[in-house]
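Working notes for the structure below.
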Amino acid sequence: MDIEQLMPHVEALIFASERPLTQIEMTEVLGQALETVIEGDRIATCVEAIREKYDADYYPFQLKEIGGGFQFLTKKAFHKTVLQLNGDKHIKKLSTAAMETLSIIAYKQPITKSEIEYIRGVSADYSIQKLLEKELIVIAGRNEEMVGKPLIYNTSKSFMDYLGINSPAQLPQLKDITDAQIVMPTNAEDAAPADTPGLIIVNQQGALKQAS
């Protein structure tokens with residue numbers, strides 16, 4: 001099967017998937033479906049051709065590499081339109097304190113709760129629990145070198161999917177964000193859950209998510 005014949009199969013597979021697909025997964029699935037051996041480099045060629053195809057202004061969505069795989073996402077110009085359709089269904093809300101905690105974990109990971117609390121100046125128990133419940137962070141093990149071997153936290157694959165990145169290394173560098181401010185400790189009375197709107201992020205289907 002040549003590239004022109006293989007490409008629509010790759011495109012259909014990515015389109016039908018609810019999560020990012022890796023090239024290895026596509027190679028295995030298509031090999032079984034087409035009952036033939038398919039080389040990984042041919043899948044890579046198809047993926048690149050599909051990416052170029054949907055980069056054209058004519059299409060409202062594009063192929064993005066996120067979370068270690070590939071998925072179709074709505075282009076930024078159409079986010080507001082998609083939000084009108086899906087409403088609050090795709091909105092994730094976080095308190096201001098949880099947003100601060102998530103930011104610290106994202107830029108300092110792997111990090112322990114005591115290190116987070118040292119930076120914020122207040123308890124991080126509630127914020128960490130909420131971030132775990134929303135699957136934005138994960139427990140990555142324990143710090144064997146610290147007293148008591150405390151748990152350490154990293155951002156999750158879901159977090160990277162929401163932001164459309166493949167690794168924390170792709171997060172914006174603080175020095176490159178002109179209006180960014182260093183996270184400062186929150187007053188104790190402000191550490192409780194709040195309804196304050198926060199970060200706007202994009203989910204796997206291209207719909208907006210709001211973390212407040």
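Ligands are numbered from 1 in the order shown, residues from 1 within each chain, and chains are lettered A, B, ... in the order they appear in the structure tokens.
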For Ala98 (chain A), work out the shell of residues within 8 Å, counting only C-alpha atoms and skipping chain neighbours fewer than 4 positions away, then give it as a PyMOL selection string. chain A and resi 94+102+127-128+130-131
Close residues, region 28-44 of chain A itself excluded, 12 Å, only C-alpha atoms, min 4 positions apart in chain, as a PyMOL selection string: chain A and resi 1-14+17+21-24+48-51+69-70
What does the file look like for those residues with C-alpha atoms, as a PDB file, in the first residue's frame?
```pdb
ATOM      1  CA  MET A   1       0.000   0.000   0.000  1.00  0.00           C
ATOM      2  CA  ASP A   2       1.468   3.343  -1.058  1.00  0.00           C
ATOM      3  CA  ILE A   3       1.423   6.554   0.979  1.00  0.00           C
ATOM      4  CA  GLU A   4      -1.599   7.984  -0.870  1.00  0.00           C
ATOM      5  CA  GLN A   5      -3.644   4.905   0.048  1.00  0.00           C
ATOM      6  CA  LEU A   6      -2.336   4.684   3.615  1.00  0.00           C
ATOM      7  CA  MET A   7      -2.807   8.354   4.491  1.00  0.00           C
ATOM      8  CA  PRO A   8      -6.663   8.311   4.704  1.00  0.00           C
ATOM      9  CA  HIS A   9      -6.486   5.327   7.063  1.00  0.00           C
ATOM     10  CA  VAL A  10      -4.096   7.206   9.357  1.00  0.00           C
ATOM     11  CA  GLU A  11      -6.280  10.298   9.157  1.00  0.00           C
ATOM     12  CA  ALA A  12      -9.446   8.329   9.994  1.00  0.00           C
ATOM     13  CA  LEU A  13      -7.747   6.644  12.948  1.00  0.00           C
ATOM     14  CA  ILE A  14      -6.612   9.935  14.477  1.00  0.00           C
ATOM     15  CA  SER A  17      -9.652   8.581  18.638  1.00  0.00           C
ATOM     16  CA  LEU A  21      -2.411   8.437  19.372  1.00  0.00           C
ATOM     17  CA  THR A  22       1.272   7.595  19.164  1.00  0.00           C
ATOM     18  CA  GLN A  23       2.918   6.463  15.941  1.00  0.00           C
ATOM     19  CA  ILE A  24       3.544   3.065  17.498  1.00  0.00           C
ATOM     20  CA  GLU A  48       3.487  14.894   8.452  1.00  0.00           C
ATOM     21  CA  ALA A  49       1.407  15.069   5.268  1.00  0.00           C
ATOM     22  CA  ILE A  50      -1.813  15.256   7.299  1.00  0.00           C
ATOM     23  CA  ARG A  51      -0.312  17.995   9.477  1.00  0.00           C
ATOM     24  CA  GLY A  69       0.735  11.452  20.522  1.00  0.00           C
ATOM     25  CA  PHE A  70      -1.255  13.127  17.753  1.00  0.00           C
TER      26      PHE A  70
END
```
Filtered DSSP result for region 32-190 of chain A, state alpha helix (DSSP H), as an NGL selection string: :A and (32-34 or 40-54 or 79-86 or 96-108 or 113-120 or 125-133 or 157-163)
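Our summary of the geometry notes that CA of Gly68 (chain A) is positioned 14.1 Å from CA of Glu18 (chain A).
Around Pro110 (chain A), within 9 Å and counting only C-alpha atoms, the residues found are Ile105, Ala106, Ala140, Ile152, Tyr153, Asn154 and Thr155 of chain A, once anything fewer than 4 positions away on its own chain is removed.
CA of Glu65 (chain A) to CA of His79 (chain A) spans 18.1 Å [interatomic distance, one decimal].
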Determine which residues of region 1-201 of chain A receive a DSSP assignment of strand (DSSP E), computed from the backbone, and state them as an MDAnalysis selection string. chainID A and resid 61:66 69:74 111:112 137:142 151:155 199:201
I need the residues from that last selection saved to file as an mmCIF file, in the first residue's frame (with N, CA and C atoms), if you can.
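File produced: result-v1.cif:
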```cif
data_model
loop_
_atom_site.group_PDB
_atom_site.id
_atom_site.type_symbol
_atom_site.label_atom_id
_atom_site.label_comp_id
_atom_site.auth_asym_id
_atom_site.auth_seq_id
_atom_site.Cartn_x
_atom_site.Cartn_y
_atom_site.Cartn_z
ATOM 1 N N PHE A 61 -9.578 23.249 12.040
ATOM 2 C CA PHE A 61 -8.846 22.436 13.012
ATOM 3 C C PHE A 61 -7.507 22.024 12.415
ATOM 4 N N GLN A 62 -6.632 21.478 13.247
ATOM 5 C CA GLN A 62 -5.297 21.102 12.803
ATOM 6 C C GLN A 62 -4.821 19.874 13.584
ATOM 7 N N LEU A 63 -3.790 19.230 13.065
ATOM 8 C CA LEU A 63 -3.205 18.073 13.743
ATOM 9 C C LEU A 63 -2.090 18.561 14.653
ATOM 10 N N LYS A 64 -2.209 18.231 15.938
ATOM 11 C CA LYS A 64 -1.218 18.668 16.915
ATOM 12 C C LYS A 64 -0.597 17.467 17.612
ATOM 13 N N GLU A 65 0.667 17.598 17.960
ATOM 14 C CA GLU A 65 1.352 16.577 18.749
ATOM 15 C C GLU A 65 1.280 16.995 20.209
ATOM 16 N N ILE A 66 0.511 16.264 20.998
ATOM 17 C CA ILE A 66 0.343 16.573 22.413
ATOM 18 C C ILE A 66 0.348 15.288 23.219
ATOM 19 N N GLY A 69 1.404 12.002 21.691
ATOM 20 C CA GLY A 69 0.735 11.452 20.522
ATOM 21 C C GLY A 69 0.200 12.552 19.625
ATOM 22 N N PHE A 70 -0.708 12.174 18.715
ATOM 23 C CA PHE A 70 -1.255 13.127 17.753
ATOM 24 C C PHE A 70 -2.775 13.150 17.851
ATOM 25 N N GLN A 71 -3.336 14.374 17.738
ATOM 26 C CA GLN A 71 -4.787 14.536 17.834
ATOM 27 C C GLN A 71 -5.212 15.789 17.085
ATOM 28 N N PHE A 72 -6.437 15.739 16.555
ATOM 29 C CA PHE A 72 -6.989 16.913 15.899
ATOM 30 C C PHE A 72 -7.538 17.865 16.958
ATOM 31 N N LEU A 73 -7.181 19.151 16.853
ATOM 32 C CA LEU A 73 -7.654 20.174 17.776
ATOM 33 C C LEU A 73 -8.184 21.368 16.988
ATOM 34 N N THR A 74 -9.196 22.010 17.535
ATOM 35 C CA THR A 74 -9.733 23.212 16.926
ATOM 36 C C THR A 74 -8.692 24.324 16.960
ATOM 37 N N ILE A 111 8.515 17.934 43.157
ATOM 38 C CA ILE A 111 8.552 18.780 44.343
ATOM 39 C C ILE A 111 7.683 18.175 45.439
ATOM 40 N N THR A 112 8.084 18.381 46.690
ATOM 41 C CA THR A 112 7.328 17.852 47.834
ATOM 42 C C THR A 112 6.339 18.893 48.343
ATOM 43 N N ILE A 137 -2.253 16.696 38.527
ATOM 44 C CA ILE A 137 -0.950 16.312 39.054
ATOM 45 C C ILE A 137 -1.008 14.841 39.452
ATOM 46 N N VAL A 138 0.180 14.250 39.630
ATOM 47 C CA VAL A 138 0.270 12.847 40.053
ATOM 48 C C VAL A 138 1.335 12.723 41.134
ATOM 49 N N ILE A 139 1.203 11.670 41.938
ATOM 50 C CA ILE A 139 2.249 11.342 42.904
ATOM 51 C C ILE A 139 3.319 10.560 42.158
ATOM 52 N N ALA A 140 4.526 11.076 42.135
ATOM 53 C CA ALA A 140 5.592 10.489 41.327
ATOM 54 C C ALA A 140 6.556 9.625 42.135
ATOM 55 N N GLY A 141 6.267 9.436 43.418
ATOM 56 C CA GLY A 141 7.150 8.634 44.254
ATOM 57 C C GLY A 141 7.457 9.343 45.556
ATOM 58 N N ARG A 142 8.616 9.043 46.108
ATOM 59 C CA ARG A 142 9.043 9.677 47.353
ATOM 60 C C ARG A 142 10.469 10.199 47.211
ATOM 61 N N LEU A 151 6.244 12.388 49.902
ATOM 62 C CA LEU A 151 5.774 12.206 48.534
ATOM 63 C C LEU A 151 6.243 13.364 47.660
ATOM 64 N N ILE A 152 6.482 13.064 46.403
ATOM 65 C CA ILE A 152 6.829 14.112 45.443
ATOM 66 C C ILE A 152 5.758 14.157 44.351
ATOM 67 N N TYR A 153 5.551 15.354 43.815
ATOM 68 C CA TYR A 153 4.466 15.568 42.859
ATOM 69 C C TYR A 153 4.994 16.081 41.527
ATOM 70 N N ASN A 154 4.369 15.602 40.453
ATOM 71 C CA ASN A 154 4.631 16.078 39.098
ATOM 72 C C ASN A 154 3.305 16.450 38.451
ATOM 73 N N THR A 155 3.345 17.246 37.395
ATOM 74 C CA THR A 155 2.148 17.463 36.601
ATOM 75 C C THR A 155 1.850 16.172 35.834
ATOM 76 N N LEU A 199 -7.068 30.455 34.699
ATOM 77 C CA LEU A 199 -6.414 30.146 33.440
ATOM 78 C C LEU A 199 -7.385 29.543 32.436
ATOM 79 N N ILE A 200 -7.262 29.955 31.181
ATOM 80 C CA ILE A 200 -8.037 29.353 30.108
ATOM 81 C C ILE A 200 -7.120 28.396 29.371
ATOM 82 N N ILE A 201 -7.530 27.147 29.250
ATOM 83 C CA ILE A 201 -6.724 26.140 28.577
ATOM 84 C C ILE A 201 -7.596 25.382 27.597
#
```
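Nearest residue to Arg120 (chain A) among A:Gln170, A:Thr101, A:Ser95, A:Thr45 is A:Thr101, counting only C-alpha atoms.
Interatomic distance, CA of Tyr162 (chain A) against CA of Tyr107 (chain A): 16.2 Å.
Distance check against Ile104 (chain A) using only C-alpha atoms: of A:Ile119, A:Cys46, A:Ala77, A:Met160, the minimum falls on A:Ile119.
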